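Contents: one structure, followed by commentary.
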Amino acid sequence: MASRIGGAAARAILLGWIAVLLSVATLHDAVPVNAEDAPPLRVCADPGNLPFSNDKGEGFENKLAELIAKDLGRELSYTWFTESTGYVPNTIGKDACDLVMGYAQGTGLIDDTNPYYYTSYVLITRADDTSLAGIASLSDPRLRSKSIGLVAHTPPASILSMHGLIGNMKPFDFRSGESQSNMAQTMIGEIESGQLDAGILWGPVGGYYAARADVPLVVTPLVKESAGPTTFYGITFGIRPNEPQFKHQVNKVLADNRDRIISILQDYDVPVLDQDGQPAGTGSAGAQPGQ
């Protein structure tokens, strides 16, 4: 969300795509009845932003876009440009995209579909660190003596500040120009080596890279915060306003393929939750609910 909620979690707001969608709000208002007359399904995506997407089709959003296009009987087409966290890009053309992946529910900035999954920021610790065993909230007093990595200007930064933990934080700043994937891998490496006691990342990024670490890590969804900004989001597809037929069709695809969608996400170690913050389905490797 920097489109995706600042840095690693910038995956929830997706401001970076809003200008693109609104620029084509009056085009393609209805999906043709005949599938053979349907235009390609145009998806805006980052060409190098795993685990979400890349230009080789290796990310989970690539897989989800393929599923939707197939069910709609439309050819999949991408418009590639790099998401810049906290930056709304210039409009890139009238036929930019029909769908934005990973848009936070209810932001009101553009229209959205029903949520296709729920997830949250996550706290990542070493499995062998017994001093933080079972920790489930940023209000836990055990964090007062710990060094904590996080992406600057994200909701967890505000929560840590509320608990007087500013001095414990090591911020990773997305405005430095480093990609969120590289920041996540750097943070994970510092947790592995002991330079950091813990780290906070947007769930899909944290889950994916923690599962690929060289030492066992624990990934805990932050769903028990009682104060401050929310850390838990329903994730939807962003779509242009005033296209009810298209919205209905996409929502039907989501409902018909719920189990398959969850399976795809879990294949990438995304901590998939239900709307109550509990694990959705099985096989969410490395993730555990806050207790």
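By convention in this document, the chains of the structure tokens carry letters A, B, ... by their order, each chain's residues are numbered from 1, and ligands are numbered from 1 in the order they are shown.
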What are the closest atom pairs, with distances in Å to one decimal, for each residue of range 123-147 of chain A lying within 6 Å of range 216-223 of chain A, using only C-alpha atoms, rows by chain and rising residue number, as a tab-separated table?
residue	atom	partner	partner_atom	distance
A:Leu123	CA	A:Thr220	CA	5.1
A:Ile124	CA	A:Val219	CA	4.7
A:Thr125	CA	A:Val218	CA	5.3
A:Arg126	CA	A:Leu217	CA	4.5
A:Ala127	CA	A:Leu217	CA	4.9
Alpha helix (DSSP H) positions in range 24-233 of chain A, given as a PDB file with C-alpha atoms, in the first residue's frame:
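The file below, result_20.pdb, is the result:
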ATOM      1  CA  PHE A  60       0.294 -13.929  -6.330  1.00  0.00           C
ATOM      2  CA  GLU A  61      -1.450 -10.945  -7.870  1.00  0.00           C
ATOM      3  CA  ASN A  62      -0.390 -12.234 -11.280  1.00  0.00           C
ATOM      4  CA  LYS A  63      -2.050 -15.565 -10.430  1.00  0.00           C
ATOM      5  CA  LEU A  64      -5.216 -13.849  -9.219  1.00  0.00           C
ATOM      6  CA  ALA A  65      -5.389 -11.679 -12.336  1.00  0.00           C
ATOM      7  CA  GLU A  66      -5.048 -14.799 -14.499  1.00  0.00           C
ATOM      8  CA  LEU A  67      -7.876 -16.490 -12.594  1.00  0.00           C
ATOM      9  CA  ILE A  68     -10.218 -13.515 -12.992  1.00  0.00           C
ATOM     10  CA  ALA A  69      -9.445 -13.003 -16.669  1.00  0.00           C
ATOM     11  CA  LYS A  70     -10.070 -16.684 -17.386  1.00  0.00           C
ATOM     12  CA  ASP A  71     -13.402 -16.699 -15.565  1.00  0.00           C
ATOM     13  CA  LEU A  72     -14.508 -13.542 -17.359  1.00  0.00           C
ATOM     14  CA  PRO A 155       0.255   2.763  11.158  1.00  0.00           C
ATOM     15  CA  PRO A 156       2.425   0.585  13.469  1.00  0.00           C
ATOM     16  CA  ALA A 157       4.891   3.472  13.794  1.00  0.00           C
ATOM     17  CA  SER A 158       2.111   5.577  15.303  1.00  0.00           C
ATOM     18  CA  ILE A 159       1.143   2.780  17.681  1.00  0.00           C
ATOM     19  CA  LEU A 160       4.721   2.281  18.875  1.00  0.00           C
ATOM     20  CA  SER A 161       4.982   6.025  19.481  1.00  0.00           C
ATOM     21  CA  MET A 162       1.807   5.903  21.577  1.00  0.00           C
ATOM     22  CA  GLN A 180       9.637  -2.427  -0.390  1.00  0.00           C
ATOM     23  CA  SER A 181      10.867  -5.918  -1.272  1.00  0.00           C
ATOM     24  CA  ASN A 182      14.482  -4.931  -0.671  1.00  0.00           C
ATOM     25  CA  MET A 183      13.564  -3.186   2.573  1.00  0.00           C
ATOM     26  CA  ALA A 184      11.727  -6.277   3.760  1.00  0.00           C
ATOM     27  CA  GLN A 185      14.634  -8.553   2.937  1.00  0.00           C
ATOM     28  CA  THR A 186      17.069  -6.233   4.709  1.00  0.00           C
ATOM     29  CA  MET A 187      14.868  -6.099   7.793  1.00  0.00           C
ATOM     30  CA  ILE A 188      14.420  -9.874   7.828  1.00  0.00           C
ATOM     31  CA  GLY A 189      18.204 -10.290   7.550  1.00  0.00           C
ATOM     32  CA  GLU A 190      18.750  -8.059  10.577  1.00  0.00           C
ATOM     33  CA  ILE A 191      16.223 -10.062  12.592  1.00  0.00           C
ATOM     34  CA  GLU A 192      17.985 -13.285  11.578  1.00  0.00           C
ATOM     35  CA  SER A 193      21.384 -11.945  12.630  1.00  0.00           C
ATOM     36  CA  GLY A 203       1.527  -9.058   6.184  1.00  0.00           C
ATOM     37  CA  PRO A 204       1.958 -10.328   2.605  1.00  0.00           C
ATOM     38  CA  VAL A 205       5.522  -8.986   2.427  1.00  0.00           C
ATOM     39  CA  GLY A 206       6.483 -10.115   5.919  1.00  0.00           C
ATOM     40  CA  GLY A 207       4.977 -13.576   5.564  1.00  0.00           C
ATOM     41  CA  TYR A 208       6.603 -14.192   2.192  1.00  0.00           C
ATOM     42  CA  TYR A 209      10.139 -13.199   3.137  1.00  0.00           C
ATOM     43  CA  ALA A 210      10.034 -14.604   6.676  1.00  0.00           C
TER      44      ALA A 210
END
Item to complete: From range 45-265 of chain A, collect each residue whose DSSP state is strand (DSSP E) and return the set as a ChimeraX atom specification.
Response: /A:45,48-49,53-54,76-80,99-104,111-112,117-126,148-151,169-172,198-202,217-221,232-239
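Using only C-alpha atoms, the nearest neighbour of Pro39 in chain A within the list A:Ser77, A:Asn168, A:Asn114, A:Thr154 is A:Ser77.
If only C-alpha atoms are the atoms counted, then among A:Gln195, A:Asn49, A:Gln249, A:Asn257 the closest residue to Glu178 in chain A is A:Asn49.
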Practice prompt. Choose the residue, out of A:Leu201, A:Ala211, A:Ala96, A:Ala227, that has the smallest atom-to-atom separation from Val122 in chain A; count only C-alpha atoms.
Written response: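 Of all the options, A:Leu201 lies closest to Val122 in chain A.
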Worksheet item: So how many Å separate CA of His153 in chain A and CA of Glu225 in chain A, to one decimal?
Response: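 Distance between the two atoms: 17.4 Å.
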Worksheet item: With distances taken over only C-alpha atoms, which of A:Ile261, A:Tyr116, A:Val253, A:Leu196 is nearest to Lys146 in chain A?
Response: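 Closest residue, counting only C-alpha atoms: A:Leu196.
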Would you pick out the contacts of Gln105 in chain A at 9 Å or less, using only C-alpha atoms, so that residues sharing its chain but fewer than 6 positions from it are not included, and give the list as a JSON list (two decimals) with N, CA, C and O atoms, in the first residue's frame?
[["chain", "number", "residue", "atom", "x", "y", "z"],
["A", 12, "ALA", "N", -2.12, -1.38, 1.21],
["A", 12, "ALA", "CA", -3.53, -1.30, 1.55],
["A", 12, "ALA", "C", -4.26, -0.13, 0.97],
["A", 12, "ALA", "O", -5.45, -0.22, 0.82],
["A", 13, "ILE", "N", -3.64, 0.98, 0.68],
["A", 13, "ILE", "CA", -4.38, 2.15, 0.20],
["A", 13, "ILE", "C", -4.23, 2.34, -1.30],
["A", 13, "ILE", "O", -5.16, 2.76, -1.97],
["A", 112, "ASP", "N", -14.67, -0.14, -5.11],
["A", 112, "ASP", "CA", -13.99, -1.40, -4.86],
["A", 112, "ASP", "C", -14.97, -2.56, -4.87],
["A", 112, "ASP", "O", -16.17, -2.39, -4.77],
["A", 113, "THR", "N", -14.41, -3.76, -5.04],
["A", 113, "THR", "CA", -15.20, -4.98, -5.03],
["A", 113, "THR", "C", -15.38, -5.46, -3.60],
["A", 113, "THR", "O", -14.94, -4.81, -2.65],
["A", 114, "ASN", "N", -16.02, -6.61, -3.45],
["A", 114, "ASN", "CA", -16.02, -7.27, -2.15],
["A", 114, "ASN", "C", -14.59, -7.68, -1.79],
["A", 114, "ASN", "O", -13.78, -7.95, -2.68],
["A", 115, "PRO", "N", -14.26, -7.76, -0.50],
["A", 115, "PRO", "CA", -12.91, -8.20, -0.13],
["A", 115, "PRO", "C", -12.64, -9.62, -0.61],
["A", 115, "PRO", "O", -13.52, -10.47, -0.53],
["A", 233, "TYR", "N", -6.95, -5.09, 7.59],
["A", 233, "TYR", "CA", -7.66, -4.58, 6.42],
["A", 233, "TYR", "C", -8.32, -5.68, 5.61],
["A", 233, "TYR", "O", -7.76, -6.77, 5.46],
["A", 234, "GLY", "N", -9.48, -5.35, 5.05],
["A", 234, "GLY", "CA", -10.06, -6.17, 4.00],
["A", 234, "GLY", "C", -9.51, -5.69, 2.67],
["A", 234, "GLY", "O", -9.51, -4.49, 2.39],
["A", 235, "ILE", "N", -9.02, -6.61, 1.85],
["A", 235, "ILE", "CA", -8.38, -6.26, 0.60],
["A", 235, "ILE", "C", -9.30, -6.59, -0.57],
["A", 235, "ILE", "O", -9.85, -7.67, -0.67],
["A", 236, "THR", "N", -9.44, -5.63, -1.46],
["A", 236, "THR", "CA", -10.37, -5.73, -2.58],
["A", 236, "THR", "C", -9.63, -5.44, -3.89],
["A", 236, "THR", "O", -8.43, -5.18, -3.90],
["A", 237, "PHE", "N", -10.37, -5.46, -4.98],
["A", 237, "PHE", "CA", -9.87, -4.90, -6.23],
["A", 237, "PHE", "C", -10.42, -3.50, -6.38],
["A", 237, "PHE", "O", -11.62, -3.28, -6.22],
["A", 238, "GLY", "N", -9.57, -2.54, -6.69],
["A", 238, "GLY", "CA", -10.04, -1.22, -7.02],
["A", 238, "GLY", "C", -10.55, -1.20, -8.45],
["A", 238, "GLY", "O", -9.92, -1.76, -9.35]]
Practice prompt. Could you tell me how far CA of Asp269 in chain A lies from CA of Asp129 in chain A, in Å and to one decimal?
Written response: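 Here the two named atoms are 21.5 Å from each other.
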Worksheet, complete the sentence: The distance between CA of Phe52 in chain A and CA of Ala104 in chain A is 14.7 Å
Discussion item. Please determine, counting only C-alpha atoms, which residue among A:Arg144, A:Arg240, A:Arg74, A:Lys224 has the shortest atom-to-atom distance to Gln278 in chain A.
Written reply: A:Lys224
Worksheet entry | Of the listed residues A:Gly199, A:Thr79, A:Ser137, A:Asp111, that which approaches Pro241 in chain A most closely, counting only C-alpha atoms |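 Ranked by minimum distance to Pro241 in chain A, first place goes to A:Asp111.
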